[in-house]
Amino acid sequence: MPEARWDVIVIGGGVVGCAVTRRFALAGAKTLLLERGRDILSGASKANSAILHTGFDAPPGSLEVACMQAGYQEYLDIHARLNLPILKTAALVVAWTEEQLAQLDGIVSKAHKNGVDDARQISRKDLLSRETGLSTTALGAVEVPREYVIDPWSAPLAYLKQAVRAGADYRFNTEVTSGTFDGEYWQLDSGQDRFSGRIVINCTGTNGDNIEQICRKPGFEIRPRKGQFLVYDKSASALISSIILPVPTATTKGVVLTRTIFGNLLLGPTAEEQQDRNVATVEREMLDGLIATGTEMLPGLADHSVTATYAGLRPATQFKDYQISAEPGKNWIGVNGIRSTGLTAALGIAAHVERLCGETYSDLANFGPAPAPEWPDMPVLAEHEKRAYQQGDGTEIVCHCERVTRGEIEAALDDGDVPARNLGGLRRRTRVMMGRCNGFYCSARVAELTQGKISPPLAGHEKDQS
Amino acid sequence: MSSFDVDVAIVGSGPSGIAAATALSKAGFKNIVVYEREANIGGIPRHTHHPSFGLLVFKRPMSGPKFIAALVRRCPDVRFETGTSITALRPGGVLELADASGLRTIRARHIILATGARETPRHGRLVPGLRPQGVITTGALQQYIYTAQLRPFEHPVIVGTELVSFSALWTLRHAGIKPVAMIETGPRISAYRPATLLAKAMGVPIHYNTEITEISGIETLTQITALTGGNKTATIPCDGLIFSGCFTGENTIAAASHLGLNAINRIPLVDQNWVTSDPCISAIGNAIHPADMGDQCYLEGAKAGAYVARLLAGNISLDKTFAEIRHGDGIKMTTPSILRSDNLGEPHFDLSFHVTAPFRGTMCISQGEQVLNEKSINCLPMRRITLRNNRFATGYPIDVSLIAEN
């Protein structure tokens, strides 16, 4: 039996891998996505601050800012057709010291250099009248009106769903461990299966340099940077209206306070260099430190409880800019060093990679006819929009904290394109068990509804008493 | 008045909600509805299958489900609407409800919130480590074992030694699951000492002065790391972790409404008759004092329901203003948290409270210069202490303080 062959194989199902898969599938390429986890977003992409950035503070002239701005624009263009939400909050870069206040001018001129013309400095008085919960120790701010909040999980899922409807394939639980190139086709090996494709695109994030070794000596080294976050109860989200950003330092954007699309308030991240590429723990001192910082900025936080804590890894390298390049003659494109801006930039990166592919491998980049795109209708998870329980989908609410109905859970488990196959995937698709009670009320019910459908299961059967 | 859909809307069908409904029904009110968001009524007792209910109400120990069934037999005329969530509470007795067919609003002459309590889970406690499956609460455990008949794990560790922690132990025993250990941050158990006998009988060690420093496991829990006495670190292999106790009121809807709240714990303020800052809304049970025994909640709900019956009958006129009850360090919360006078004679109140740490000394209730009540007490956290029949003068704040014995 002749083995299946693909035009393009994308390794890594993070937000970038999903967007790249979509781009090539829509261009008519027979595309395969390989992901080592049980679901998309199993690595760096599952934990971020969920902001759609204008790129106002990115290095001018960088590939990063170009991809961010292209990604930003494409998201605005397509989000409504995919039913993906946007919360138009604006951002305020707040100065807390005289030294930071003196930097605001520079931030505005950098923003203008990056084409974000509506960024402007606002006075302390304007800042405090806009954000009445903010500590009065704030000295001033830069307002960036078009910084928005989005859903970090539904967006990449929508990209992959659209790709699947355009004919793309995907395999989860598939970790590429080696590969060979015969001058025409790559053979990628997962230990269990082999996959044959003409062009390979490495989107493996924190594992990027290791996967790059399959083709070439990487010109960079992944230096994972951990970020810890706290999600506050929905009751806290009314404390701010805009995203509160600090004045950035050389290495990090610093600690952000933002509403989430799901109606919570997010505080984080920390920025910690670490060796481990796969595991990110939360630590008590760091969480306490974040709470102290957050409460200094927003004193009212002290009255609200924490719903969740999490940590994520950013695939940073020794370089500031993205590391995206095609290897001539080897049909290999590395998409690396997509540090903390991947959610915004993903669609722009995908367009850039498609262009790079066409330029480098002009003889290969004539794929089949481009299919007419289908636009999957994503479920409404945004707190400010009309959710399933409000419409009445004929089923009961299972998760009371996040108000997730049985119908929503069943739809995610039985989805025809990319069904949820583990608990994390189900949580990200529906919000179930993501709320303040951490499953006190609903986890046993969720265990019943997911029996035989997710792995690992939430529970085994009652022991046979006989 | 025809603009009201119901006389009294009760939110929550646990012991306090059922009690309030029963009292109102007995007082002759026919149009009472109890809204329950779960598929079955009963609140926490519906999945607590050991005999820790009934002693005060029926003078005999009963399981949670039997207790609820017996309570429901006392109020055959009360209507329960299950699968119905409250999504908003508005002035004028307006409730926004969600059920399988979507949202609707109803208007009640009076609303009684009896929304209960839940345990503080892992994230709310800021416990360090990874986020594997298998980390749950006692409430979830009981629903796994008794309601769904599913086993979430085989070798769990129980965090906490409150009464409910031993309820978790009992539940595990029923399922034939042997826990690896119990962990307590303090030097003794929080429940009454004889509870340790159950742990002993099951061969479960209790580690005192111990806290979790790391939860490990990528997908499913593999072990925890614990620090004992501030210097001794040990790893405990386990596939489950049960965070028990540290109850918090389920006041999400009340806290998002117009009701006055206690600034520290965001619990609705209630007066000595369980009426909130809005005279047409009451709040009762473990939502406002997380968490007391089911029987205590039932007795309280009955009194609160009877008071609402008199309010609705027009026999009571409430003062527009109320006085705050302030408390000092060492007290977790007081019930009531405000005092409001009515036309029913000399004003008085019963004061219940919980301490935050073991305490021996004098407890004092005063109003200005005047001491209203003083009592020497010896108590532990998570126990309800009540000082009865305190008389007060209308309109001035009350102070509750603890004076430790030297």
# chains A, B, ... in the order shown; residues from 1 in each chain; ligands from 1
>>> closest_atom_pairs(of="chain B", to="chain A", cutoff="6 Å", atoms="only C-alpha atoms", output="Markdown table")
| residue | atom | partner | partner_atom | distance |
| --- | --- | --- | --- | --- |
| B:Ala100 | CA | A:Gly394 | CA | 4.5 |
| B:Ser101 | CA | A:Gly392 | CA | 4.1 |
| B:Gly102 | CA | A:Gly392 | CA | 3.4 |
| B:Leu103 | CA | A:Gln390 | CA | 5.4 |
| B:His123 | CA | A:Ala308 | CA | 4.9 |
| B:Gly124 | CA | A:Val306 | CA | 5.0 |
| B:Pro128 | CA | A:Glu283 | CA | 4.8 |
| B:Gly129 | CA | A:Thr281 | CA | 4.6 |
| B:Leu130 | CA | A:Thr281 | CA | 4.9 |
| B:Thr137 | CA | A:Phe440 | CA | 5.9 |
| B:Gly139 | CA | A:Phe440 | CA | 5.6 |
| B:Ala140 | CA | A:Phe440 | CA | 4.7 |
| B:Gln143 | CA | A:Ala444 | CA | 5.7 |
| B:Tyr144 | CA | A:Ala444 | CA | 4.7 |
| B:Gln149 | CA | A:Glu462 | CA | 5.5 |
| B:Leu150 | CA | A:His461 | CA | 4.8 |
| B:Arg151 | CA | A:Gly460 | CA | 5.2 |
| B:Pro152 | CA | A:Ala459 | CA | 4.0 |
>>> residues_around(residues="B:Asn389", least_positions_apart="4", cutoff="6 Å", atoms="only C-alpha atoms", output="ChimeraX atom specification")
/B:348-350
>>> atom_distance(atom1="atom CA of A:Ala70", atom2="atom CA of A:Asp118")
17.6 Å
>>> closest_residue(among="B:Val6, B:Ile111, B:Glu96, B:Arg60", to="B:Gly305", atoms="only C-alpha atoms")
B:Ile111
>>> residues_around(residues="A:Trp6", least_positions_apart="5", cutoff="6 Å", atoms="only C-alpha atoms", output="ChimeraX atom specification")
/A:30-31,197
>>> closest_residue(among="B:Tyr307, B:Phe58, B:Phe67, B:Phe29", to="B:Gly43", atoms="only C-alpha atoms")
B:Phe67
>>> closest_residue(among="B:Glu36, B:Leu71, B:Ala254, B:Thr48", to="B:Ala98", atoms="only C-alpha atoms")
B:Glu36
>>> decode(residues="stretch 44-126 of chain B", atoms="C-alpha atoms", output="compact mmCIF listing (two decimals), in the first residue's frame")
# COMPACT_ATOMS: atom_id res chain seq x y z
CA ILE B 44 -24.43 19.20 50.65
CA PRO B 45 -26.35 16.53 52.63
CA ARG B 46 -27.57 14.91 49.40
CA HIS B 47 -24.07 13.53 48.85
CA THR B 48 -23.03 13.09 52.49
CA HIS B 49 -24.03 9.53 53.24
CA HIS B 50 -22.82 9.10 56.80
CA PRO B 51 -24.94 9.74 59.90
CA SER B 52 -23.84 13.27 60.81
CA PHE B 53 -27.33 14.78 60.48
CA GLY B 54 -30.57 14.73 62.43
CA LEU B 55 -29.45 14.93 66.06
CA LEU B 56 -30.88 18.39 66.74
CA VAL B 57 -33.93 18.18 64.48
CA PHE B 58 -35.01 14.55 64.82
CA LYS B 59 -33.04 13.53 67.95
CA ARG B 60 -31.39 10.67 66.11
CA PRO B 61 -28.43 10.31 63.72
CA MET B 62 -29.34 10.13 60.04
CA SER B 63 -27.49 10.09 56.73
CA GLY B 64 -27.67 13.24 54.60
CA PRO B 65 -30.14 11.86 52.03
CA LYS B 66 -32.42 10.44 54.78
CA PHE B 67 -32.25 13.75 56.64
CA ILE B 68 -33.30 15.66 53.52
CA ALA B 69 -36.10 13.17 52.75
CA ALA B 70 -37.42 13.57 56.31
CA LEU B 71 -37.28 17.37 56.05
CA VAL B 72 -39.13 17.35 52.74
CA ARG B 73 -41.93 15.23 54.25
CA ARG B 74 -42.58 18.15 56.61
CA CYS B 75 -43.38 20.54 53.75
CA PRO B 76 -45.52 18.68 51.21
CA ASP B 77 -46.91 21.93 49.77
CA VAL B 78 -43.60 23.52 48.85
CA ARG B 79 -42.67 23.66 45.18
CA PHE B 80 -39.07 22.85 44.22
CA GLU B 81 -37.72 23.86 40.81
CA THR B 82 -34.49 22.00 40.12
CA GLY B 83 -32.06 22.66 37.28
CA THR B 84 -32.68 26.36 37.82
CA SER B 85 -29.78 28.73 38.48
CA ILE B 86 -29.96 32.27 39.75
CA THR B 87 -27.92 34.53 37.52
CA ALA B 88 -28.72 37.95 38.97
CA LEU B 89 -30.39 39.56 41.94
CA ARG B 90 -31.91 43.02 41.57
CA PRO B 91 -33.66 45.53 43.79
CA GLY B 92 -37.42 45.18 44.12
CA GLY B 93 -37.36 41.42 44.61
CA VAL B 94 -36.31 40.66 41.05
CA LEU B 95 -34.46 37.44 40.30
CA GLU B 96 -32.96 36.49 36.95
CA LEU B 97 -33.12 32.72 36.46
CA ALA B 98 -31.54 30.35 33.96
CA ASP B 99 -32.78 26.88 33.12
CA ALA B 100 -32.58 24.65 30.06
CA SER B 101 -34.81 27.00 28.10
CA GLY B 102 -32.75 30.12 28.77
CA LEU B 103 -33.17 33.21 30.91
CA ARG B 104 -36.27 34.58 32.57
CA THR B 105 -36.99 37.02 35.36
CA ILE B 106 -39.42 36.68 38.19
CA ARG B 107 -40.46 39.06 40.91
CA ALA B 108 -40.96 37.93 44.50
CA ARG B 109 -42.35 39.78 47.50
CA HIS B 110 -39.40 38.41 49.43
CA ILE B 111 -36.25 36.50 48.48
CA ILE B 112 -34.34 34.20 50.81
CA LEU B 113 -30.79 33.34 49.80
CA ALA B 114 -29.74 29.93 51.09
CA THR B 115 -26.91 29.24 48.69
CA GLY B 116 -24.65 27.26 51.02
CA ALA B 117 -20.92 26.91 51.17
CA ARG B 118 -18.10 25.14 49.38
CA GLU B 119 -14.56 24.19 50.29
CA THR B 120 -11.61 26.34 49.27
CA PRO B 121 -9.88 24.33 46.56
CA ARG B 122 -6.24 24.01 45.60
CA HIS B 123 -5.87 27.19 43.55
CA GLY B 124 -7.59 29.44 46.05
CA ARG B 125 -5.06 28.20 48.61
CA LEU B 126 -2.13 29.02 46.30
